[in-house]
$ cat upload-v8.txt   # compact mmCIF, C-alpha atoms and all ligand atoms
# COMPACT_ATOMS: atom_id res chain seq x y z
CA MET A 656 -183.31 -55.25 -166.07
CA THR A 657 -180.84 -57.11 -168.26
CA ARG A 658 -180.21 -55.62 -171.64
CA PRO A 659 -179.19 -57.75 -174.61
CA LYS A 660 -175.55 -57.28 -175.53
CA LEU A 661 -173.34 -58.26 -178.44
CA ASP A 662 -169.84 -59.00 -177.05
CA LEU A 663 -167.29 -57.04 -179.06
CA ILE A 664 -164.79 -55.24 -176.83
CA GLN A 665 -162.16 -56.08 -174.23
CA ALA A 666 -163.38 -54.77 -170.89
CA PRO A 667 -162.60 -53.73 -168.24
CA THR A 668 -160.04 -51.62 -170.08
CA PRO A 669 -156.62 -51.07 -168.46
CA LEU A 670 -156.31 -48.46 -165.72
CA HIS A 671 -152.85 -47.34 -164.69
CA ARG A 672 -150.86 -44.51 -163.15
CA LEU A 673 -148.85 -42.14 -165.34
CA ASP A 674 -145.68 -41.92 -163.25
CA ARG A 675 -143.59 -39.64 -165.45
CA ALA A 676 -146.45 -37.30 -166.30
CA SER A 677 -147.46 -37.20 -162.62
CA GLU A 678 -143.97 -36.19 -161.64
CA ALA A 679 -143.67 -33.56 -164.37
CA LEU A 680 -147.04 -32.02 -163.49
CA GLY A 681 -146.89 -32.41 -159.70
CA ILE A 682 -150.26 -34.22 -159.57
CA ASP A 683 -151.39 -37.84 -159.03
CA LEU A 684 -152.46 -38.70 -162.58
CA TRP A 685 -153.97 -41.97 -163.81
CA ILE A 686 -155.36 -43.02 -167.17
CA LYS A 687 -158.30 -45.20 -168.25
CA ARG A 688 -157.50 -46.85 -171.56
CA ASP A 689 -160.68 -46.88 -173.64
CA ASP A 690 -158.33 -46.38 -176.58
CA LEU A 691 -157.71 -50.10 -175.93
CA THR A 692 -161.29 -51.43 -176.08
CA GLY A 693 -159.83 -53.45 -178.94
CA PHE A 694 -162.69 -53.87 -181.37
CA ALA A 695 -162.21 -52.12 -184.74
CA LEU A 696 -159.23 -50.10 -183.43
CA GLY A 697 -160.76 -49.18 -180.08
CA GLY A 698 -162.53 -46.19 -178.54
CA ASN A 699 -165.45 -45.51 -176.22
CA LYS A 700 -168.01 -46.13 -179.00
CA GLY A 701 -167.32 -49.87 -178.79
CA ARG A 702 -168.99 -49.89 -175.39
CA LYS A 703 -172.13 -48.24 -176.75
CA ILE A 704 -172.50 -50.39 -179.84
CA GLU A 705 -172.39 -53.60 -177.79
CA TYR A 706 -175.76 -52.61 -176.30
CA ILE A 707 -177.15 -50.76 -179.32
CA LEU A 708 -176.50 -53.75 -181.58
CA GLY A 709 -177.62 -56.24 -178.93
CA ASP A 710 -180.97 -54.46 -178.84
CA LEU A 711 -181.26 -54.19 -182.64
CA MET A 712 -180.54 -57.92 -183.04
CA ALA A 713 -183.08 -58.83 -180.36
CA ARG A 714 -185.69 -56.80 -182.25
CA GLY A 715 -184.74 -58.25 -185.64
CA VAL A 716 -183.75 -54.91 -187.17
CA ARG A 717 -182.09 -55.45 -190.58
CA ALA A 718 -180.71 -52.01 -191.50
CA VAL A 719 -179.59 -48.85 -189.69
CA VAL A 720 -178.75 -45.29 -190.64
CA THR A 721 -176.56 -43.01 -188.57
CA CYS A 722 -174.75 -39.74 -189.26
CA GLY A 723 -171.65 -37.80 -188.35
CA ALA A 724 -168.44 -36.41 -189.71
CA ALA A 725 -166.92 -38.49 -192.51
CA HIS A 726 -164.10 -39.18 -190.04
CA SER A 727 -166.47 -40.27 -187.25
CA ASN A 728 -165.12 -42.78 -184.74
CA PHE A 729 -168.68 -43.88 -184.05
CA ILE A 730 -169.44 -44.70 -187.69
CA ARG A 731 -166.19 -46.70 -187.92
CA GLN A 732 -167.06 -48.84 -184.89
CA LEU A 733 -170.76 -49.13 -185.75
CA ALA A 734 -169.87 -50.20 -189.31
CA ALA A 735 -167.62 -52.97 -187.98
CA GLY A 736 -170.17 -54.04 -185.36
CA CYS A 737 -172.93 -54.21 -187.96
CA GLN A 738 -170.82 -56.69 -189.94
CA VAL A 739 -170.62 -58.92 -186.86
CA ALA A 740 -174.34 -58.46 -186.19
CA GLY A 741 -175.40 -59.05 -189.80
CA ILE A 742 -177.08 -55.64 -190.02
CA GLU A 743 -176.82 -53.29 -193.01
CA CYS A 744 -175.13 -49.99 -192.07
CA HIS A 745 -175.73 -46.64 -193.78
CA ALA A 746 -174.46 -43.21 -192.78
CA ALA A 747 -175.13 -39.64 -193.84
CA VAL A 748 -171.86 -37.74 -193.49
CA MET A 749 -170.31 -34.33 -194.04
CA VAL A 750 -166.57 -33.86 -194.19
CA SER A 751 -166.84 -31.05 -191.65
CA PRO A 752 -170.31 -30.55 -190.13
CA PHE A 753 -170.52 -27.42 -187.96
CA ASP A 754 -172.72 -25.52 -185.54
CA ALA A 755 -174.31 -22.71 -187.51
CA ALA A 756 -174.57 -20.53 -184.40
CA ALA A 757 -170.81 -20.76 -183.84
CA GLY A 758 -170.06 -20.25 -187.52
CA ARG A 759 -168.34 -22.44 -190.03
CA PRO A 760 -164.71 -23.11 -189.10
CA SER A 761 -162.19 -22.35 -191.80
CA PHE A 762 -159.49 -24.98 -191.97
CA ALA A 763 -158.12 -27.60 -194.32
CA ALA A 764 -160.51 -30.48 -193.56
CA PRO A 765 -158.84 -33.89 -193.80
CA GLY A 766 -159.11 -35.86 -197.01
CA TYR A 767 -160.07 -39.49 -197.61
CA GLY A 768 -158.39 -41.97 -195.25
CA GLY A 769 -158.50 -42.76 -191.53
CA ASN A 770 -161.98 -43.44 -190.13
CA TRP A 771 -163.65 -42.47 -193.41
CA MET A 772 -161.77 -45.15 -195.32
CA LEU A 773 -162.16 -47.71 -192.54
CA SER A 774 -165.94 -47.18 -192.27
CA GLU A 775 -166.30 -48.01 -195.96
CA ARG A 776 -163.91 -50.95 -195.74
CA PHE A 777 -166.01 -52.25 -192.81
CA GLY A 778 -168.92 -52.30 -195.23
CA ALA A 779 -170.89 -49.17 -194.35
CA GLN A 780 -172.62 -47.25 -197.13
CA LEU A 781 -171.67 -43.58 -196.68
CA THR A 782 -173.52 -40.77 -198.46
CA VAL A 783 -171.50 -37.56 -198.43
CA PHE A 784 -173.39 -34.23 -198.22
CA GLU A 785 -172.05 -30.72 -198.56
CA ASP A 786 -170.86 -29.26 -195.24
CA ASP A 787 -173.66 -27.63 -193.28
CA ASP A 788 -175.21 -27.39 -189.82
CA TRP A 789 -175.61 -30.57 -187.76
CA GLU A 790 -179.42 -30.26 -187.91
CA VAL A 791 -179.26 -30.48 -191.70
CA LEU A 792 -177.16 -33.64 -191.38
CA TYR A 793 -179.71 -35.21 -188.98
CA ALA A 794 -182.44 -34.46 -191.51
CA HIS A 795 -180.45 -36.21 -194.26
CA ALA A 796 -180.14 -39.31 -192.04
CA ASP A 797 -183.89 -39.31 -191.36
CA GLU A 798 -184.60 -39.03 -195.07
CA ILE A 799 -182.33 -41.99 -195.93
CA ALA A 800 -183.87 -44.04 -193.11
CA ALA A 801 -187.40 -43.33 -194.36
CA ARG A 802 -186.41 -44.30 -197.90
CA LEU A 803 -184.79 -47.58 -196.82
CA GLY A 804 -187.15 -48.46 -193.98
CA ALA A 805 -184.11 -48.48 -191.68
CA GLU A 806 -183.77 -47.50 -188.03
CA VAL A 807 -181.97 -44.26 -187.11
CA ILE A 808 -179.08 -44.48 -184.64
CA PRO A 809 -178.42 -41.02 -183.13
CA VAL A 810 -175.11 -39.26 -183.73
CA GLY A 811 -172.30 -40.67 -181.58
CA GLY A 812 -174.55 -43.45 -180.31
CA SER A 813 -175.98 -41.05 -177.75
CA CYS A 814 -179.25 -42.82 -177.04
CA ALA A 815 -180.30 -44.28 -173.68
CA LEU A 816 -178.48 -47.56 -174.38
CA GLY A 817 -175.28 -45.68 -175.25
CA ALA A 818 -175.52 -43.79 -171.95
CA TYR A 819 -176.23 -47.07 -170.16
CA ALA A 820 -173.01 -48.57 -171.57
CA MET A 821 -171.02 -45.57 -170.34
CA TRP A 822 -172.72 -45.75 -166.91
CA LEU A 823 -171.50 -49.35 -166.71
CA ALA A 824 -168.03 -48.22 -167.82
CA ALA A 825 -167.90 -45.71 -164.96
CA LYS A 826 -168.32 -48.63 -162.57
CA GLU A 827 -164.88 -49.88 -163.66
CA VAL A 828 -163.22 -47.06 -161.70
CA GLU A 829 -163.42 -45.86 -158.11
CA GLY A 830 -161.55 -43.68 -155.65
CA PHE A 831 -160.84 -40.72 -157.95
CA ARG A 832 -161.50 -37.14 -156.91
CA ASP A 833 -161.56 -35.85 -160.48
CA ILE A 834 -162.25 -37.52 -163.82
CA VAL A 835 -161.45 -35.57 -167.02
CA PHE A 836 -162.51 -36.65 -170.51
CA ALA A 837 -163.55 -35.40 -173.97
CA SER A 838 -167.30 -34.71 -174.18
CA SER A 839 -169.27 -34.40 -177.40
CA SER A 840 -172.59 -36.08 -178.24
CA GLY A 841 -173.29 -36.65 -174.54
CA SER A 842 -173.79 -40.30 -173.65
CA THR A 843 -170.31 -40.53 -172.10
CA HIS A 844 -170.93 -37.49 -169.92
CA VAL A 845 -174.44 -38.64 -169.00
CA GLY A 846 -173.26 -42.14 -168.12
CA PHE A 847 -170.40 -40.86 -165.96
CA GLN A 848 -172.39 -38.14 -164.20
CA SER A 849 -175.29 -40.51 -163.54
CA CYS A 850 -172.83 -42.88 -161.87
CA PHE A 851 -170.97 -40.32 -159.74
CA GLN A 852 -173.76 -37.84 -158.90
CA GLY A 853 -173.79 -37.25 -155.15
CA THR A 854 -170.37 -38.87 -154.60
CA ALA A 855 -166.96 -37.30 -153.89
CA THR A 856 -165.94 -37.76 -157.54
CA ASN A 857 -166.10 -34.75 -159.88
CA VAL A 858 -166.76 -35.42 -163.56
CA TRP A 859 -165.23 -32.83 -165.93
CA GLY A 860 -166.21 -32.92 -169.58
CA ILE A 861 -163.97 -30.93 -171.88
CA ALA A 862 -166.22 -29.95 -174.77
CA CYS A 863 -165.13 -30.66 -178.34
CA ASP A 864 -168.06 -28.82 -179.97
CA PRO A 865 -168.76 -25.09 -179.59
CA GLU A 866 -172.34 -25.64 -178.41
CA PRO A 867 -172.92 -24.20 -174.90
CA GLU A 868 -176.57 -25.26 -174.85
CA ILE A 869 -175.75 -28.93 -175.38
CA ALA A 870 -176.11 -29.80 -171.69
CA HIS A 871 -179.89 -29.37 -172.16
CA ASP A 872 -179.70 -32.43 -174.42
CA PHE A 873 -177.65 -34.18 -171.74
CA VAL A 874 -180.41 -33.55 -169.17
CA GLU A 875 -182.93 -35.11 -171.52
CA LEU A 876 -180.69 -38.11 -172.15
CA SER A 877 -180.14 -38.62 -168.42
CA ARG A 878 -183.94 -38.74 -168.02
CA ALA A 879 -184.09 -41.43 -170.67
CA LEU A 880 -181.36 -43.36 -168.82
CA GLY A 881 -183.27 -42.89 -165.59
CA PHE A 882 -180.56 -43.54 -162.97
CA ALA A 883 -180.06 -40.06 -161.50
CA GLU A 884 -182.03 -36.83 -161.54
CA LEU A 885 -179.68 -34.40 -163.27
CA GLY A 886 -180.13 -30.73 -164.12
CA PHE A 887 -178.27 -28.42 -166.51
CA ASP A 888 -175.83 -27.31 -163.78
CA ASP A 889 -174.91 -30.85 -162.81
CA PHE A 890 -172.90 -31.16 -166.02
CA LYS A 891 -169.45 -29.60 -165.65
CA LEU A 892 -168.70 -28.85 -169.27
CA ASP A 893 -165.71 -26.70 -170.14
CA PHE A 894 -165.79 -24.93 -173.55
CA ASP A 895 -162.39 -23.25 -173.25
CA PHE A 896 -160.55 -25.89 -175.28
CA VAL A 897 -162.76 -26.30 -178.38
CA GLY A 898 -160.41 -24.01 -180.31
CA ASP A 899 -161.65 -22.99 -183.76
CA GLY A 900 -164.39 -25.60 -183.97
CA TYR A 901 -165.37 -29.25 -184.02
CA GLY A 902 -162.72 -31.35 -185.69
CA VAL A 903 -160.26 -28.46 -186.03
CA PRO A 904 -156.96 -29.29 -184.31
CA SER A 905 -155.88 -26.70 -181.72
CA ALA A 906 -152.40 -25.52 -180.75
CA ALA A 907 -153.07 -26.35 -177.08
CA GLY A 908 -154.25 -29.82 -178.10
CA GLU A 909 -151.15 -30.47 -180.18
CA ALA A 910 -148.92 -29.38 -177.28
CA ALA A 911 -150.85 -31.66 -174.90
CA SER A 912 -150.46 -34.53 -177.38
CA SER A 913 -146.71 -34.02 -177.56
CA PHE A 914 -146.49 -33.96 -173.77
CA LEU A 915 -148.19 -37.36 -173.42
CA LEU A 916 -146.30 -38.89 -176.34
CA ARG A 917 -142.97 -37.87 -174.90
CA HIS A 918 -143.61 -38.67 -171.25
CA GLU A 919 -145.67 -41.84 -171.57
CA GLY A 920 -145.66 -43.10 -175.17
CA ILE A 921 -149.45 -42.74 -175.31
CA VAL A 922 -151.13 -41.36 -178.43
CA LEU A 923 -154.00 -38.83 -178.35
CA ASP A 924 -156.23 -37.83 -181.26
CA PRO A 925 -156.53 -34.20 -182.45
CA VAL A 926 -160.36 -34.03 -182.47
CA TYR A 927 -161.22 -35.14 -178.92
CA THR A 928 -158.62 -36.48 -176.52
CA ALA A 929 -155.87 -33.93 -177.26
CA LYS A 930 -158.29 -31.08 -176.47
CA ALA A 931 -159.45 -32.84 -173.29
CA PHE A 932 -155.87 -33.40 -172.15
CA ALA A 933 -155.09 -29.75 -172.92
CA GLY A 934 -157.91 -28.88 -170.50
CA LEU A 935 -156.44 -31.12 -167.85
CA LEU A 936 -152.99 -29.55 -168.23
CA ALA A 937 -154.35 -26.01 -168.08
CA ARG A 938 -156.38 -26.75 -164.93
CA LYS A 939 -153.87 -28.99 -163.16
CA ALA A 940 -153.74 -26.67 -160.12
CA GLU A 941 -157.34 -27.73 -159.35
CA PHE A 942 -156.49 -31.44 -159.40
CA THR A 943 -155.12 -31.90 -155.92
CA GLY A 944 -156.41 -35.45 -155.39
CA LYS A 945 -156.26 -38.69 -157.33
CA THR A 946 -157.01 -37.64 -160.91
CA LEU A 947 -158.13 -39.76 -163.85
CA PHE A 948 -157.80 -38.91 -167.52
CA TRP A 949 -160.28 -41.10 -169.40
CA HIS A 950 -158.80 -41.78 -172.84
CA THR A 951 -161.77 -42.24 -175.17
CA GLY A 952 -159.86 -43.36 -178.29
CA GLY A 953 -159.95 -41.74 -181.72
CA ILE A 954 -156.56 -42.98 -182.86
CA PRO A 955 -157.30 -43.26 -186.65
CA ALA A 956 -157.56 -39.44 -186.84
CA VAL A 957 -153.83 -39.25 -186.14
CA PHE A 958 -153.36 -40.59 -189.67
CA ASN A 959 -155.83 -38.24 -191.39
CA PRO A 960 -154.42 -37.20 -194.75
CA ALA A 961 -154.32 -33.52 -195.62
CA THR A 962 -156.47 -32.32 -198.50
C1 LIG B 1 -167.25 -39.85 -179.51
C2 LIG B 1 -165.97 -39.56 -178.84
C3 LIG B 1 -165.92 -38.81 -177.65
C4 LIG B 1 -167.12 -38.21 -177.01
O1 LIG B 1 -168.05 -39.15 -176.55
P1 LIG B 1 -169.60 -38.75 -176.53
O2 LIG B 1 -170.26 -39.86 -175.83
O3 LIG B 1 -170.00 -38.58 -177.96
O4 LIG B 1 -169.72 -37.45 -175.80
C5 LIG B 1 -164.69 -38.58 -177.08
N1 LIG B 1 -163.57 -39.06 -177.63
C6 LIG B 1 -163.58 -39.79 -178.76
C7 LIG B 1 -162.28 -40.26 -179.30
C8 LIG B 1 -164.78 -40.06 -179.40
O5 LIG B 1 -164.78 -40.78 -180.53

$ encode --input "upload-v8.txt" --output "structure tokens"
Amino acid sequence: MTRPKLDLIQAPTPLHRLDRASEALGIDLWIKRDDLTGFALGGNKGRKIEYILGDLMARGVRAVVTCGAAHSNFIRQLAAGCQVAGIECHAAVMVSPFDAAAGRPSFAAPGYGGNWMLSERFGAQLTVFEDDDWEVLYAHADEIAARLGAEVIPVGGSCALGAYAMWLAAKEVEGFRDIVFASSSGSTHVGFQSCFQGTATNVWGIACDPEPEIAHDFVELSRALGFAELGFDDFKLDFDFVGDGYGVPSAAGEAASSFLLRHEGIVLDPVYTAKAFAGLLARKAEFTGKTLFWHTGGIPAVFNPAT
């Protein structure tokens, strides 16, 4: 089945070996550069929105509502894509949404700038709500959508089409024993695992949200994608590197960032990729074969202003 697509990004993204990091770590380390998807400052979300927007355009949808953190990479890329597609973009945001079960993280949430500023400059209409649980944020998005007669796009673009785009992305790489990346709303993990299930390639998601039950949602999403039968235990999701909570920079992440900056001149973001790379560094003894770090983007967060 061919799915309608709006061409936005530069793909396949570069794939190259990290010679200096490999030598320093004693492993065979490569990197997939989805920080260089190109559209609206890059990131894995560009892949998803090509198919999400292609579908919306084919169906004549005029307005969408999504939700996320005010500094969401997805909202930034969706906002820019909606401009290209001629679709009105709204978003319900919280500066620092959290998982009520894990508790509210205490930290100095970033101020206005970065993705938040870019999303508005790309023409999205953001409504800011007081920080609360993610479920409350989803309800705000539904309410705005009902009021405007707009279609809801799930957080992070993690719908079946988002997972489909990441399944296609996985087909850009082969021959790796281990793939490590930052996992959050799930369509990246679902796309990758659906592609490599039953092969010699292990897919390791380093979680960026303190939500151990989230793989149940991944199972559901993989059913919607429909390419592989996946259960809860098929998702290798490591929660050891979340730190104090979603969006809160961690000491291990900052150290991992510095390592990559100084060995390779490659920038990681504090919310996702730095935590994922910290996981890779901590578990390097397990990576005895050809290993891939999938850089998923997030660069604007490096410039987040303090409050
Ligand atoms: C959204 C995002 C992820 C996680 O992708 P999901 O498909 O939401 O799990 C990882 N890294 C960055 C930089 C992101 O913006």

$ residues_near_ligand --input "upload-v8.txt" --ligand "ligand LIG 1 (chain B)" --cutoff "9 Å" --atoms "all atoms listed in the file" --output "PyMOL selection string"
chain A and resi 689-690+698-700+703+727-729+810-813+817-818+821+836-846+860+862-863+923-928+931+950-954+956

$ residues_around --input "upload-v8.txt" --residues "A:Ile799" --least-positions-apart "3" --cutoff "9 Å" --atoms "only C-alpha atoms" --output "list in words"
Val720, His745, Ala746, Ala747, Ala794, His795, Ala796, Arg802, Leu803, Gly804 and Ala805 of chain A

$ residues_around --input "upload-v8.txt" --residues "stretch 933-937 of chain A" --least-positions-apart "4" --cutoff "10 Å" --atoms "all atoms listed in the file" --output "PyMOL selection string"
chain A and resi 680+834-837+859-862+893-897+905-912+914+928-929+941-942+946-948

$ write_last_selection --input "upload-v8.txt" --atoms "C-alpha atoms" --output "PDB file, in the coordinates of the input"
ATOM      1  CA  LEU A 680    -147.040 -32.020-163.490  1.00  0.00           C
ATOM      2  CA  ILE A 834    -162.250 -37.520-163.820  1.00  0.00           C
ATOM      3  CA  VAL A 835    -161.450 -35.570-167.020  1.00  0.00           C
ATOM      4  CA  PHE A 836    -162.510 -36.650-170.510  1.00  0.00           C
ATOM      5  CA  ALA A 837    -163.550 -35.400-173.970  1.00  0.00           C
ATOM      6  CA  TRP A 859    -165.230 -32.830-165.930  1.00  0.00           C
ATOM      7  CA  GLY A 860    -166.210 -32.920-169.580  1.00  0.00           C
ATOM      8  CA  ILE A 861    -163.970 -30.930-171.880  1.00  0.00           C
ATOM      9  CA  ALA A 862    -166.220 -29.950-174.770  1.00  0.00           C
ATOM     10  CA  ASP A 893    -165.710 -26.700-170.140  1.00  0.00           C
ATOM     11  CA  PHE A 894    -165.790 -24.930-173.550  1.00  0.00           C
ATOM     12  CA  ASP A 895    -162.390 -23.250-173.250  1.00  0.00           C
ATOM     13  CA  PHE A 896    -160.550 -25.890-175.280  1.00  0.00           C
ATOM     14  CA  VAL A 897    -162.760 -26.300-178.380  1.00  0.00           C
ATOM     15  CA  SER A 905    -155.880 -26.700-181.720  1.00  0.00           C
ATOM     16  CA  ALA A 906    -152.400 -25.520-180.750  1.00  0.00           C
ATOM     17  CA  ALA A 907    -153.070 -26.350-177.080  1.00  0.00           C
ATOM     18  CA  GLY A 908    -154.250 -29.820-178.100  1.00  0.00           C
ATOM     19  CA  GLU A 909    -151.150 -30.470-180.180  1.00  0.00           C
ATOM     20  CA  ALA A 910    -148.920 -29.380-177.280  1.00  0.00           C
ATOM     21  CA  ALA A 911    -150.850 -31.660-174.900  1.00  0.00           C
ATOM     22  CA  SER A 912    -150.460 -34.530-177.380  1.00  0.00           C
ATOM     23  CA  PHE A 914    -146.490 -33.960-173.770  1.00  0.00           C
ATOM     24  CA  THR A 928    -158.620 -36.480-176.520  1.00  0.00           C
ATOM     25  CA  ALA A 929    -155.870 -33.930-177.260  1.00  0.00           C
ATOM     26  CA  GLU A 941    -157.340 -27.730-159.350  1.00  0.00           C
ATOM     27  CA  PHE A 942    -156.490 -31.440-159.400  1.00  0.00           C
ATOM     28  CA  THR A 946    -157.010 -37.640-160.910  1.00  0.00           C
ATOM     29  CA  LEU A 947    -158.130 -39.760-163.850  1.00  0.00           C
ATOM     30  CA  PHE A 948    -157.800 -38.910-167.520  1.00  0.00           C
TER      31      PHE A 948
END

$ residues_around --input "upload-v8.txt" --residues "A:Leu663" --least-positions-apart "6" --cutoff "8 Å" --atoms "all atoms listed in the file" --output "list in words"
Phe694, Gly701, Glu705 and Gly736 of chain A

$ atom_distance --input "upload-v8.txt" --atom1 "atom CA of A:Cys814" --atom2 "atom CA of A:Tyr706"
10.4 Å

$ residues_around --input "upload-v8.txt" --residues "A:Thr943" --least-positions-apart "5" --cutoff "10 Å" --atoms "all atoms listed in the file" --output "PyMOL selection string"
chain A and resi 681-684+832-833

$ write_last_selection --input "upload-v8.txt" --atoms "C-alpha atoms" --output "PDB file, keeping the file's coordinate frame"
ATOM      1  CA  GLY A 681    -146.890 -32.410-159.700  1.00  0.00           C
ATOM      2  CA  ILE A 682    -150.260 -34.220-159.570  1.00  0.00           C
ATOM      3  CA  ASP A 683    -151.390 -37.840-159.030  1.00  0.00           C
ATOM      4  CA  LEU A 684    -152.460 -38.700-162.580  1.00  0.00           C
ATOM      5  CA  ARG A 832    -161.500 -37.140-156.910  1.00  0.00           C
ATOM      6  CA  ASP A 833    -161.560 -35.850-160.480  1.00  0.00           C
TER       7      ASP A 833
END

$ residues_near_point --input "upload-v8.txt" --point "(-146.0, -46.0, -171.9)" --cutoff "12 Å" --atoms "only C-alpha atoms" --output "PyMOL selection string"
chain A and resi 671-676+686+688+915-922

$ closest_residue --input "upload-v8.txt" --among "A:Trp949, A:Phe851, A:Phe762, A:Phe777" --to "A:Arg731" --atoms "only C-alpha atoms"
A:Phe777

$ closest_atom_pairs --input "upload-v8.txt" --of "stretch 733-779 of chain A" --to "stretch 868-885 of chain A" --cutoff "12 Å" --atoms "only C-alpha atoms" --output "JSON lines"
{"residue": "A:Asp754", "atom": "CA", "partner": "A:Ile869", "partner_atom": "CA", "distance": 11.1}
{"residue": "A:Ala756", "atom": "CA", "partner": "A:Glu868", "partner_atom": "CA", "distance": 10.8}
{"residue": "A:Ala757", "atom": "CA", "partner": "A:Glu868", "partner_atom": "CA", "distance": 11.6}

$ write_last_selection --input "upload-v8.txt" --atoms "C-alpha atoms" --output "compact mmCIF listing (two decimals), in the coordinates of the input"
# COMPACT_ATOMS: atom_id res chain seq x y z
CA ASP A 754 -172.72 -25.52 -185.54
CA ALA A 756 -174.57 -20.53 -184.40
CA ALA A 757 -170.81 -20.76 -183.84

$ atom_distance --input "upload-v8.txt" --atom1 "atom CA of A:Leu670" --atom2 "atom CA of A:Gln852"
21.5 Å

$ residues_around --input "upload-v8.txt" --residues "A:Leu708" --least-positions-apart "2" --cutoff "9 Å" --atoms "all atoms listed in the file" --output "ChimeraX atom specification"
/A:659-661,703-706,710-713,733,736-737,740,742

$ atom_distance --input "upload-v8.txt" --atom1 "atom CA of A:Ala779" --atom2 "atom CA of A:Thr692"
20.8 Å

$ build_atoms --input "upload-v8.txt" --residues "stretch 682-687 of chain A" --atoms "all heavy atoms" --output "compact mmCIF listing (two decimals), keeping the file's coordinate frame"
# COMPACT_ATOMS: atom_id res chain seq x y z
N ILE A 682 -148.93 -33.73 -159.98
CA ILE A 682 -150.26 -34.22 -159.57
C ILE A 682 -150.24 -35.76 -159.60
O ILE A 682 -149.28 -36.35 -160.09
CB ILE A 682 -151.40 -33.68 -160.47
CG1 ILE A 682 -151.26 -34.19 -161.92
CG2 ILE A 682 -151.42 -32.15 -160.44
CD1 ILE A 682 -152.41 -33.76 -162.83
N ASP A 683 -151.30 -36.37 -159.06
CA ASP A 683 -151.39 -37.84 -159.03
C ASP A 683 -152.31 -38.26 -160.18
O ASP A 683 -153.53 -38.32 -160.03
CB ASP A 683 -151.95 -38.27 -157.67
CG ASP A 683 -151.98 -39.80 -157.52
OD1 ASP A 683 -151.32 -40.50 -158.32
OD2 ASP A 683 -152.67 -40.27 -156.60
N LEU A 684 -151.69 -38.53 -161.34
CA LEU A 684 -152.46 -38.70 -162.58
C LEU A 684 -152.50 -40.16 -163.05
O LEU A 684 -151.47 -40.81 -163.17
CB LEU A 684 -151.86 -37.82 -163.68
CG LEU A 684 -152.58 -37.81 -165.03
CD1 LEU A 684 -154.02 -37.33 -164.87
CD2 LEU A 684 -151.82 -36.92 -166.02
N TRP A 685 -153.72 -40.62 -163.32
CA TRP A 685 -153.97 -41.97 -163.81
C TRP A 685 -154.67 -41.89 -165.16
O TRP A 685 -155.19 -40.84 -165.53
CB TRP A 685 -154.85 -42.73 -162.81
CG TRP A 685 -154.19 -42.98 -161.48
CD1 TRP A 685 -153.79 -42.04 -160.57
CD2 TRP A 685 -153.85 -44.26 -160.92
NE1 TRP A 685 -153.22 -42.64 -159.49
CE2 TRP A 685 -153.24 -44.01 -159.67
CE3 TRP A 685 -154.01 -45.58 -161.35
CZ2 TRP A 685 -152.80 -45.05 -158.85
CZ3 TRP A 685 -153.57 -46.61 -160.54
CH2 TRP A 685 -152.96 -46.34 -159.31
N ILE A 686 -154.70 -43.01 -165.86
CA ILE A 686 -155.36 -43.02 -167.17
C ILE A 686 -156.22 -44.27 -167.32
O ILE A 686 -155.84 -45.35 -166.87
CB ILE A 686 -154.32 -42.89 -168.32
CG1 ILE A 686 -155.00 -42.63 -169.67
CG2 ILE A 686 -153.43 -44.14 -168.40
CD1 ILE A 686 -154.03 -42.14 -170.75
N LYS A 687 -157.39 -44.09 -167.93
CA LYS A 687 -158.30 -45.20 -168.25
C LYS A 687 -158.24 -45.41 -169.75
O LYS A 687 -158.50 -44.48 -170.53
CB LYS A 687 -159.71 -44.85 -167.78
CG LYS A 687 -160.76 -45.89 -168.07
CD LYS A 687 -160.57 -47.16 -167.28
CE LYS A 687 -161.79 -48.07 -167.41
NZ LYS A 687 -161.45 -49.46 -167.02
